[in-house]
Amino acid sequence: MILYIKYMVSLRCKMMVEEELKKLGLHHMVVDLGSVEIHKTITAEQREALKINLLKSGLELLDDKKSILIEKITNVIIEMIHYQDELPKVNYSDYLAEKLDYDYTYLSNVFSEVKGINIQQFIIYHKIERVKELLLYEDLNLTEISYKLHYSSVSHLSNQFKKVTGLSPSFYKKLRRKRERNLENI
């Protein structure tokens with residue numbers, strides 16, 4: 001049996017879900033971002049207890065098909081951008097369609113209807129978040145980051161970064177240097 005969980009986007013969330021399952025005596029086979037596969041069918045009482053416990057932690061057990069599909073789309077994008085060493089070489093639309101086994105137009109329409117933004121905007125937002133992480137915590141320059149995230153040029157990355165954040169990538173570089181200096185002074 002597979003259960004789908006909203007807002008489950010990090011390794012810490014996975015550990016928290018595993019702990020809640022353990023408390024309820026539910027044995028799982030796999031816990032992925034956004035889903036958990038359980039060995040056997042759970043009772044209505046166990047499902048309700050899991051739902052309540054997850055809500056306390058900011059997670060939500062999903063029931064309807066649209067919400068489940070949106071969560072799958074979201075998790076594929078987050079996993080692709082934040083947890084893979086390199087982004088896929090194919091178009092994101094092809095990647096999502098293949099990964100989720102749905103027509104991209106359908107995925108795009110459902111996503112836009114529910115989220116209020118299109119998939120491309122969501123991908124751009126997460127790519128910029130990834131750029132921020134790489135600027136602050138990795139020793140990569142903008143050329144390396146633009147290559148890693150498949151931007152056509154450093155200029156394209158910089159323009160998109162400024163458009164989304166209102167700040168230049170060099171501002172984030174300065175933050176990193178300031179952070180390092182502060183750590184040295186401790």
# chains A, B, ... in the order shown; residues from 1 in each chain; ligands from 1

$ residues_around --residues "A:Glu113" --least-positions-apart "6" --cutoff "12 Å" --atoms "only C-alpha atoms" --output "PDB file with C-alpha atoms, in the first residue's frame"
ATOM      1  CA  LYS A  66      -5.169  15.790  -7.876  1.00  0.00           C
ATOM      2  CA  SER A  67      -3.329  16.557  -4.648  1.00  0.00           C
ATOM      3  CA  ILE A  70       0.650  17.743  -7.627  1.00  0.00           C
ATOM      4  CA  TYR A 106      -2.152  17.425 -18.591  1.00  0.00           C
ATOM      5  CA  LEU A 107       0.478  17.725 -15.836  1.00  0.00           C
ATOM      6  CA  ILE A 119       5.584  24.249 -13.849  1.00  0.00           C
TER       7      ILE A 119
END

$ residues_around --residues "stretch 76-91 of chain A" --least-positions-apart "6" --cutoff "12 Å" --atoms "only C-alpha atoms" --output "PyMOL selection string"
chain A and resi 7-11+32-35+69-70+97-100+104+119-134+144-151

$ select_by_dssp --residues "stretch 32-176 of chain A" --states "alpha helix (DSSP H)" --output "PyMOL selection string"
chain A and resi 44-56+65-78+92-100+104-115+119-137+142-148+154-165+169-176

$ closest_residue --among "A:Lys115, A:Arg179, A:Lys22, A:Arg12" --to "A:Ile73" --atoms "only C-alpha atoms"
A:Lys115

$ closest_residue --among "A:Leu24, A:Gly166, A:Glu37, A:Tyr137" --to "A:Ile52" --atoms "only C-alpha atoms"
A:Leu24

$ closest_residue --among "A:Gly25, A:Ile38, A:Ser57, A:Ser155" --to "A:Cys13" --atoms "only C-alpha atoms"
A:Ser57

$ atom_distance --atom1 "atom CA of A:Glu20" --atom2 "atom CA of A:Lys51"
9.9 Å

$ decode --residues "stretch 166-182 of chain A" --atoms "all heavy atoms" --output "compact mmCIF listing (two decimals), in the first residue's frame"
# COMPACT_ATOMS: atom_id res chain seq x y z
N GLY A 166 15.68 39.85 -6.80
CA GLY A 166 15.88 41.29 -6.68
C GLY A 166 17.31 41.65 -6.33
O GLY A 166 17.64 42.81 -6.14
N LEU A 167 18.17 40.65 -6.24
CA LEU A 167 19.57 40.85 -5.86
C LEU A 167 20.48 40.17 -6.88
O LEU A 167 20.08 39.25 -7.58
CB LEU A 167 19.83 40.25 -4.47
CG LEU A 167 18.94 40.79 -3.35
CD1 LEU A 167 19.03 39.88 -2.15
CD2 LEU A 167 19.33 42.21 -3.00
N SER A 168 21.72 40.59 -6.90
CA SER A 168 22.68 39.98 -7.82
C SER A 168 23.34 38.77 -7.15
O SER A 168 23.43 38.70 -5.93
CB SER A 168 23.75 41.00 -8.21
OG SER A 168 24.56 41.28 -7.08
N PRO A 169 23.83 37.84 -7.96
CA PRO A 169 24.55 36.70 -7.39
C PRO A 169 25.79 37.14 -6.59
O PRO A 169 26.15 36.49 -5.61
CB PRO A 169 24.97 35.89 -8.62
CG PRO A 169 23.99 36.25 -9.67
CD PRO A 169 23.64 37.69 -9.41
N SER A 170 26.41 38.24 -6.97
CA SER A 170 27.59 38.71 -6.23
C SER A 170 27.24 39.08 -4.80
O SER A 170 28.06 38.94 -3.89
CB SER A 170 28.26 39.88 -6.95
OG SER A 170 27.37 40.97 -7.05
N PHE A 171 26.00 39.54 -4.58
CA PHE A 171 25.55 39.83 -3.21
C PHE A 171 25.59 38.56 -2.37
O PHE A 171 26.03 38.58 -1.22
CB PHE A 171 24.14 40.41 -3.23
CG PHE A 171 23.57 40.62 -1.85
CD1 PHE A 171 23.92 41.72 -1.11
CD2 PHE A 171 22.70 39.70 -1.30
CE1 PHE A 171 23.42 41.92 0.17
CE2 PHE A 171 22.18 39.87 -0.02
CZ PHE A 171 22.55 40.99 0.71
N TYR A 172 25.16 37.44 -2.96
CA TYR A 172 25.18 36.17 -2.23
C TYR A 172 26.61 35.70 -1.99
O TYR A 172 26.90 35.10 -0.96
CB TYR A 172 24.35 35.12 -2.96
CG TYR A 172 22.91 35.22 -2.54
CD1 TYR A 172 22.06 36.15 -3.13
CD2 TYR A 172 22.42 34.44 -1.50
CE1 TYR A 172 20.75 36.28 -2.71
CE2 TYR A 172 21.11 34.57 -1.08
CZ TYR A 172 20.29 35.49 -1.69
OH TYR A 172 19.01 35.62 -1.26
N LYS A 173 27.50 35.96 -2.92
CA LYS A 173 28.92 35.64 -2.72
C LYS A 173 29.45 36.40 -1.51
O LYS A 173 30.18 35.86 -0.69
CB LYS A 173 29.74 36.00 -3.95
CG LYS A 173 29.69 34.99 -5.04
CD LYS A 173 30.78 33.99 -4.82
CE LYS A 173 30.97 33.16 -6.05
NZ LYS A 173 31.58 31.89 -5.76
N LYS A 174 29.08 37.68 -1.40
CA LYS A 174 29.51 38.50 -0.26
C LYS A 174 28.97 37.92 1.05
O LYS A 174 29.66 37.92 2.06
CB LYS A 174 29.06 39.95 -0.43
CG LYS A 174 29.81 40.69 -1.50
CD LYS A 174 29.26 42.09 -1.68
CE LYS A 174 29.89 42.75 -2.89
NZ LYS A 174 29.24 44.01 -3.24
N LEU A 175 27.75 37.42 1.02
CA LEU A 175 27.17 36.79 2.21
C LEU A 175 28.02 35.60 2.65
O LEU A 175 28.24 35.39 3.83
CB LEU A 175 25.75 36.30 1.94
CG LEU A 175 24.61 37.29 2.06
CD1 LEU A 175 23.29 36.60 1.75
CD2 LEU A 175 24.56 37.88 3.46
N ARG A 176 28.48 34.83 1.68
CA ARG A 176 29.29 33.66 2.00
C ARG A 176 30.59 34.08 2.67
O ARG A 176 31.00 33.52 3.68
CB ARG A 176 29.58 32.84 0.74
CG ARG A 176 30.46 31.64 1.06
CD ARG A 176 30.76 30.82 -0.13
NE ARG A 176 31.60 29.70 0.32
CZ ARG A 176 32.36 29.01 -0.48
NH1 ARG A 176 32.41 29.27 -1.75
NH2 ARG A 176 33.09 28.03 -0.01
N ARG A 177 31.24 35.08 2.09
CA ARG A 177 32.51 35.56 2.66
C ARG A 177 32.28 36.09 4.07
O ARG A 177 33.08 35.83 4.97
CB ARG A 177 33.11 36.64 1.76
CG ARG A 177 33.69 36.08 0.49
CD ARG A 177 34.44 37.15 -0.31
NE ARG A 177 34.47 36.76 -1.69
CZ ARG A 177 33.78 37.36 -2.66
NH1 ARG A 177 33.02 38.39 -2.42
NH2 ARG A 177 33.86 36.93 -3.89
N LYS A 178 31.19 36.82 4.26
CA LYS A 178 30.89 37.36 5.58
C LYS A 178 30.64 36.23 6.57
O LYS A 178 31.11 36.26 7.70
CB LYS A 178 29.65 38.27 5.49
CG LYS A 178 29.31 38.99 6.76
CD LYS A 178 28.14 39.93 6.54
CE LYS A 178 27.81 40.65 7.83
NZ LYS A 178 26.70 41.58 7.66
N ARG A 179 29.92 35.19 6.14
CA ARG A 179 29.64 34.03 6.97
C ARG A 179 30.93 33.32 7.37
O ARG A 179 31.12 32.95 8.52
CB ARG A 179 28.71 33.08 6.21
CG ARG A 179 28.27 31.86 6.99
CD ARG A 179 27.29 31.03 6.14
NE ARG A 179 27.48 29.66 6.43
CZ ARG A 179 28.20 28.80 5.71
NH1 ARG A 179 28.78 29.19 4.61
NH2 ARG A 179 28.32 27.55 6.06
N GLU A 180 31.84 33.16 6.42
CA GLU A 180 33.12 32.51 6.70
C GLU A 180 33.93 33.33 7.71
O GLU A 180 34.54 32.77 8.62
CB GLU A 180 33.91 32.32 5.41
CG GLU A 180 33.35 31.22 4.53
CD GLU A 180 33.99 31.17 3.15
OE1 GLU A 180 34.73 32.12 2.76
OE2 GLU A 180 33.75 30.18 2.44
N ARG A 181 33.95 34.66 7.53
CA ARG A 181 34.68 35.52 8.47
C ARG A 181 34.09 35.42 9.87
O ARG A 181 34.81 35.36 10.86
CB ARG A 181 34.67 36.97 7.99
CG ARG A 181 35.84 37.27 7.07
CD ARG A 181 35.92 38.74 6.71
NE ARG A 181 35.31 38.87 5.39
CZ ARG A 181 34.30 39.68 5.09
NH1 ARG A 181 33.80 40.49 5.96
NH2 ARG A 181 33.80 39.69 3.87
N ASN A 182 32.78 35.39 9.95
CA ASN A 182 32.11 35.27 11.25
C ASN A 182 32.45 33.94 11.92
O ASN A 182 32.64 33.88 13.13
CB ASN A 182 30.60 35.42 11.12
CG ASN A 182 30.20 36.85 10.82
OD1 ASN A 182 30.96 37.79 11.06
ND2 ASN A 182 29.01 37.02 10.28
